[in-house]
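Heads up: the structure comes next, in structure tokens.
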Amino acid sequence: MSRKRILVAPLDWGLGHATRCIPVIRELQKQNAEVIIGSNGKPLKILQQEFPELESCVIDGYDIKYRRSGSFATAIIPQIPKLINSGFAEHKKLKQLVKDLKLNGVISDNRFGLFNYNVPCVFMTHQVGIIMPDIFKWAEKQVYRLNYRIMNKYDCCWIPDYAGDDNLSGILSHKYSLPKQTTFIGPLSRFKKLDGFEIKNDLLVILSGPEPQRSVLEEKLLQQMREMKLKILIVRGTPGNENELITPDHINSVSHLNAVELNKAMMESKYIVSRSGYSTIMDLAATGKKAMLIPTPGQTEQEYLGENFHAKKFFYSVPQSSFNLRNALSEIENFSGLPVKDSDNQFEGAVKNFLEKC
């Protein structure tokens with residue numbers, strides 16, 4: 001029997017969509033599928049570096065522009081026509097890719113246009129309900145209905161979370177009704193808790209997300225860390241960019257680490273400093289590490305996750321504008337981190353069922 005050829009295509013907003021596709025690709029390979037990577041920019045570079053042996057193709061991203069300040073939603077709304085056009089363009093592109101690459105199936109991580117009626121397609125998301133800023137709260141249910149319609153165009157919907165009350169995504173995936181083809185596959189992470197590593201760094205700073213906010217946070221943290229005599233490693237989240245970051249001797253920086261290297265660095269670090277994106281939350285749940293979370297300003301999803309886990313005393317989190325590293329270090333021991341859970345094979349079963357459809 002010939003191997004199933006599966007396209008895995010993450011969204012290009014930040015790096016989290018790409019990094020959580022790493023365990024997806026590994027499981028597909030484990031079940032003897034032939035994987036083709038489809039993305040653009042940094043997400044494509046990350047997956048090409050992680051899987052240099054795999055075939056890949058460029059699928060243009062949504063090219064969303066961000067601001068140094070103000071609401072994320074306010075920045076997005078004027079770009080909605082571009083979003084819609086991008087969805088139509090990638091839908092048209094997929095029709096050609098199915099023929100040219102002889103695809104048997106597609107897994108889209110939050111790319112809205114990658115459904116096709118000739119092959120089974122998966123839509124993977126943790127945001128069934130999208131939190132709108134206060135000024136646009138009136139539109140939240142309409143946005144959910146639009147998202148629901150998009151999800152319904154796919155043969156399967158995968159939510160990387162637990163189905164019950166003891167979940168990670170909260171109201172993002174558990175507030176609204178779900179399409180009938182939805183499966184909770186459990187959290188996805190490229191990492192796991194490793195024993196036998198001694199602590200070498202006081203802090204591991206993991207930068208990610210779109211510009212200019214990635215650089216804004218980098219500058220803010222560097223200013224605060226220069227005067228602190230802590231052993232610090234910064235992973236800049238800039239794969240393919242080898243420009244050196246000038247730092248004092250107690251601070252080391254790298255542009256990017258692959259999954260094995262970053263997993264090791266996490267276990268060798270006392271605390272993590274990072275954004276509060278959902279993929280980061282899943283990574284912290286997999287490793288059991290304590291963290292200081294700094295939401296990207298204006299990104300309602302990250303602000304909700306940071307506030308939610310801070311309130312539950314799992315992770316310390318404050319807005320970027322008021323983040324003070326000394327204060328965070330004095331507070332972090334009051335937060336427990338997330339307990340590491342054993343896998344229940346939901347994801348393995350979901351992949352098996354999908355491949356049987358292909």
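In the structure tokens, chains take the letters A, B, ... in the order shown, each chain's residues start at 1, and ligands count up from 1 in the order shown.
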_Excluding Glu261 in chain A and its own-chain neighbours fewer than 6 positions away, which residues fall within 12 Å of it when counting only C-alpha atoms? Please give them as a ChimeraX atom specification._
/A:50,190-191,235,254,267-268
May I have the residues from that selection written out with C-alpha atoms, as a PDB file, in the first residue's frame?
ATOM      1  CA  GLU A  50      13.266  20.730  12.159  1.00  0.00           C
ATOM      2  CA  ARG A 190       7.159  19.282  20.962  1.00  0.00           C
ATOM      3  CA  PHE A 191       8.589  19.112  24.510  1.00  0.00           C
ATOM      4  CA  VAL A 235      16.173  32.624  22.417  1.00  0.00           C
ATOM      5  CA  VAL A 254      20.802  32.701  20.073  1.00  0.00           C
ATOM      6  CA  MET A 267      15.038  21.902  31.757  1.00  0.00           C
ATOM      7  CA  GLU A 268      18.352  23.636  32.514  1.00  0.00           C
TER       8      GLU A 268
END
*Neighbours of Asp60 in chain A within 12 Å (only C-alpha atoms; same-chain residues fewer than 3 positions away dropped), as an NGL selection string?*
:A and (9-13 or 38-44 or 57 or 63-64 or 83 or 85-94 or 111 or 113-114)
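Minimum distance to Gln302 in chain A across A:Ile59, A:Leu194, A:Leu15, A:Ile281 (counting only C-alpha atoms) occurs at A:Ile281.
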*Residues of range 101-262 of chain A in helix (DSSP H, G or I) according to DSSP, as a ChimeraX atom specification?*
/A:134-151,171-174,213-225,259-262
Taking C-alpha atoms for each residue, export the selection above as a PDB file, in the first residue's frame.
ATOM      1  CA  ASP A 134     -14.422  45.867  24.800  1.00  0.00           C
ATOM      2  CA  ILE A 135     -15.165  48.329  22.008  1.00  0.00           C
ATOM      3  CA  PHE A 136     -16.165  45.423  19.711  1.00  0.00           C
ATOM      4  CA  LYS A 137     -17.820  43.094  22.261  1.00  0.00           C
ATOM      5  CA  TRP A 138     -21.106  43.502  20.413  1.00  0.00           C
ATOM      6  CA  ALA A 139     -19.586  41.621  17.444  1.00  0.00           C
ATOM      7  CA  GLU A 140     -18.259  38.612  19.370  1.00  0.00           C
ATOM      8  CA  LYS A 141     -21.158  36.235  18.625  1.00  0.00           C
ATOM      9  CA  GLN A 142     -21.155  37.208  14.935  1.00  0.00           C
ATOM     10  CA  VAL A 143     -17.416  36.475  14.752  1.00  0.00           C
ATOM     11  CA  TYR A 144     -18.017  33.097  16.419  1.00  0.00           C
ATOM     12  CA  ARG A 145     -20.715  32.253  13.859  1.00  0.00           C
ATOM     13  CA  LEU A 146     -18.340  33.115  11.018  1.00  0.00           C
ATOM     14  CA  ASN A 147     -15.613  30.986  12.571  1.00  0.00           C
ATOM     15  CA  TYR A 148     -18.120  28.124  13.029  1.00  0.00           C
ATOM     16  CA  ARG A 149     -19.032  28.301   9.322  1.00  0.00           C
ATOM     17  CA  ILE A 150     -15.359  28.086   8.376  1.00  0.00           C
ATOM     18  CA  MET A 151     -14.786  25.097  10.681  1.00  0.00           C
ATOM     19  CA  ILE A 171     -13.514  30.069  27.173  1.00  0.00           C
ATOM     20  CA  LEU A 172     -11.527  30.063  23.921  1.00  0.00           C
ATOM     21  CA  SER A 173     -12.682  26.506  23.184  1.00  0.00           C
ATOM     22  CA  HIS A 174     -15.298  25.777  25.842  1.00  0.00           C
ATOM     23  CA  GLN A 213       6.188  43.723  19.326  1.00  0.00           C
ATOM     24  CA  ARG A 214       8.852  40.980  19.439  1.00  0.00           C
ATOM     25  CA  SER A 215      11.574  43.656  19.290  1.00  0.00           C
ATOM     26  CA  VAL A 216       9.729  45.951  21.714  1.00  0.00           C
ATOM     27  CA  LEU A 217       9.743  43.217  24.374  1.00  0.00           C
ATOM     28  CA  GLU A 218      13.366  42.282  23.626  1.00  0.00           C
ATOM     29  CA  GLU A 219      14.466  45.892  24.183  1.00  0.00           C
ATOM     30  CA  LYS A 220      12.457  46.224  27.395  1.00  0.00           C
ATOM     31  CA  LEU A 221      13.796  42.996  28.893  1.00  0.00           C
ATOM     32  CA  LEU A 222      17.404  43.729  27.917  1.00  0.00           C
ATOM     33  CA  GLN A 223      17.214  47.099  29.628  1.00  0.00           C
ATOM     34  CA  GLN A 224      16.063  45.434  32.853  1.00  0.00           C
ATOM     35  CA  MET A 225      18.397  42.407  32.638  1.00  0.00           C
ATOM     36  CA  ALA A 259      13.006  21.386  19.529  1.00  0.00           C
ATOM     37  CA  VAL A 260      15.601  19.109  21.170  1.00  0.00           C
ATOM     38  CA  GLU A 261      17.886  22.020  22.048  1.00  0.00           C
ATOM     39  CA  LEU A 262      15.084  24.209  23.411  1.00  0.00           C
TER      40      LEU A 262
END
*Show which residues sit within 9 Å of Ser253 in chain A, as a PyMOL selection string. Count only C-alpha atoms, and ignore same-chain residues fewer than 2 positions away.*
chain A and resi 232-236+244-247+251+255-256
Using N, CA and C atoms, can you export the residues from the last selection as a short mmCIF file (atom, residue, chain, number, x, y, z; two decimals), in the first residue's frame?
data_model
loop_
_atom_site.label_atom_id
_atom_site.label_comp_id
_atom_site.auth_asym_id
_atom_site.auth_seq_id
_atom_site.Cartn_x
_atom_site.Cartn_y
_atom_site.Cartn_z
N ILE A 232 21.52 34.29 32.17
CA ILE A 232 20.34 34.37 31.32
C ILE A 232 20.65 33.91 29.91
N LEU A 233 19.73 33.12 29.35
CA LEU A 233 19.80 32.73 27.94
C LEU A 233 18.58 33.28 27.23
N ILE A 234 18.81 34.00 26.12
CA ILE A 234 17.72 34.55 25.32
C ILE A 234 17.63 33.78 24.02
N VAL A 235 16.46 33.22 23.72
CA VAL A 235 16.17 32.62 22.42
C VAL A 235 15.30 33.64 21.69
N ARG A 236 15.86 34.25 20.65
CA ARG A 236 15.28 35.47 20.09
C ARG A 236 14.06 35.23 19.18
N GLU A 244 24.10 39.44 15.45
CA GLU A 244 24.49 39.26 16.85
C GLU A 244 23.81 40.30 17.73
N LEU A 245 23.36 39.85 18.89
CA LEU A 245 22.80 40.73 19.90
C LEU A 245 23.90 41.05 20.91
N ILE A 246 24.22 42.33 21.07
CA ILE A 246 25.29 42.74 21.97
C ILE A 246 24.76 42.72 23.41
N THR A 247 25.36 41.88 24.25
CA THR A 247 24.89 41.72 25.62
C THR A 247 26.06 41.65 26.59
N ILE A 251 24.68 37.42 29.97
CA ILE A 251 23.55 37.15 29.09
C ILE A 251 24.04 36.56 27.77
N SER A 255 19.65 33.01 17.97
CA SER A 255 18.51 33.39 17.14
C SER A 255 17.39 32.36 17.23
N HIS A 256 17.76 31.08 17.35
CA HIS A 256 16.77 30.01 17.31
C HIS A 256 17.39 28.73 17.86
#
_Residues of range 223-351 of chain A in strand (DSSP E or B), written as JSON, numbers by chain_ = {"A": [232, 233, 234, 235, 251, 252, 253, 254, 269, 270, 271, 272, 273, 274, 290, 291, 292, 293, 316, 317]}
*Write out as a ChimeraX atom specification each polymer residue whose atoms come within 9 Å of Leu203 in chain A, counting only C-alpha atoms; drop sequence neighbours fewer than 4 positions from it.*
/A:230-234,269-273
Given the selection you just returned, output its residues as a file containing C-alpha atoms, formatted as a PDB file, in the first residue's frame.
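Written output follows (selection.pdb):
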ATOM      1  CA  LEU A 230      21.692  36.569  36.680  1.00  0.00           C
ATOM      2  CA  LYS A 231      22.722  33.860  34.254  1.00  0.00           C
ATOM      3  CA  ILE A 232      20.336  34.374  31.323  1.00  0.00           C
ATOM      4  CA  LEU A 233      19.805  32.729  27.941  1.00  0.00           C
ATOM      5  CA  ILE A 234      17.721  34.553  25.324  1.00  0.00           C
ATOM      6  CA  SER A 269      16.642  26.928  33.442  1.00  0.00           C
ATOM      7  CA  LYS A 270      15.054  27.844  36.776  1.00  0.00           C
ATOM      8  CA  TYR A 271      12.379  30.115  35.280  1.00  0.00           C
ATOM      9  CA  ILE A 272      10.969  30.890  31.841  1.00  0.00           C
ATOM     10  CA  VAL A 273      10.059  34.360  30.551  1.00  0.00           C
TER      11      VAL A 273
END
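Remark: for Phe51 in chain A, the closest of the candidate residues A:Gly129, A:Asn258, A:Thr238, A:Gly16 is A:Asn258 (distances computed over only C-alpha atoms).
Atom pair CA of Phe315 in chain A / CA of Ser274 in chain A: separated by 11.0 Å.
If you measure from each of A:Gly240, A:Pro339, A:Gly298, A:Gly288 to Gln48 in chain A using only C-alpha atoms, the closest one turns out to be A:Gly240.
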_Report, in Å to a single decimal, how far apart CA of Arg5 in chain A and CA of Leu54 in chain A are._
11.4 Å
Near Lys180 in chain A, counting only C-alpha atoms, which residues have an atom at most 12 Å away, once you skip same-chain residues fewer than 5 positions from it, shown as a short mmCIF file (atom, residue, chain, number, x, y, z; two decimals) with N, CA and C atoms, in the first residue's frame?
data_model
loop_
_atom_site.label_atom_id
_atom_site.label_comp_id
_atom_site.auth_asym_id
_atom_site.auth_seq_id
_atom_site.Cartn_x
_atom_site.Cartn_y
_atom_site.Cartn_z
N TYR A 148 -17.41 29.42 13.06
CA TYR A 148 -18.12 28.12 13.03
C TYR A 148 -18.37 27.69 11.58
N MET A 151 -15.11 26.42 10.14
CA MET A 151 -14.79 25.10 10.68
C MET A 151 -15.64 24.01 10.04
N ASN A 152 -16.89 24.34 9.73
CA ASN A 152 -17.81 23.36 9.16
C ASN A 152 -17.48 22.99 7.72
N LYS A 153 -16.59 23.72 7.09
CA LYS A 153 -16.16 23.38 5.74
C LYS A 153 -15.14 22.24 5.73
N TYR A 154 -14.64 21.90 6.90
CA TYR A 154 -13.60 20.87 7.03
C TYR A 154 -14.22 19.54 7.47
N ASP A 155 -13.56 18.45 7.11
CA ASP A 155 -14.05 17.12 7.48
C ASP A 155 -13.85 16.83 8.95
N CYS A 156 -12.79 17.39 9.54
CA CYS A 156 -12.49 17.18 10.95
C CYS A 156 -12.05 18.51 11.56
N CYS A 157 -12.39 18.71 12.83
CA CYS A 157 -11.88 19.86 13.59
C CYS A 157 -11.16 19.31 14.82
N TRP A 158 -9.91 19.66 14.96
CA TRP A 158 -9.11 19.21 16.10
C TRP A 158 -8.87 20.38 17.04
#
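Minimum atom-to-atom distance to Leu329 in chain A, evaluated using only C-alpha atoms, belongs to A:Met228 out of A:Met228, A:Glu307, A:Asp283, A:Pro248.
Nearest to Ala328 in chain A of all the residues A:Ser343, A:Pro187, A:Glu301, A:Tyr316 is A:Tyr316, counting only C-alpha atoms.
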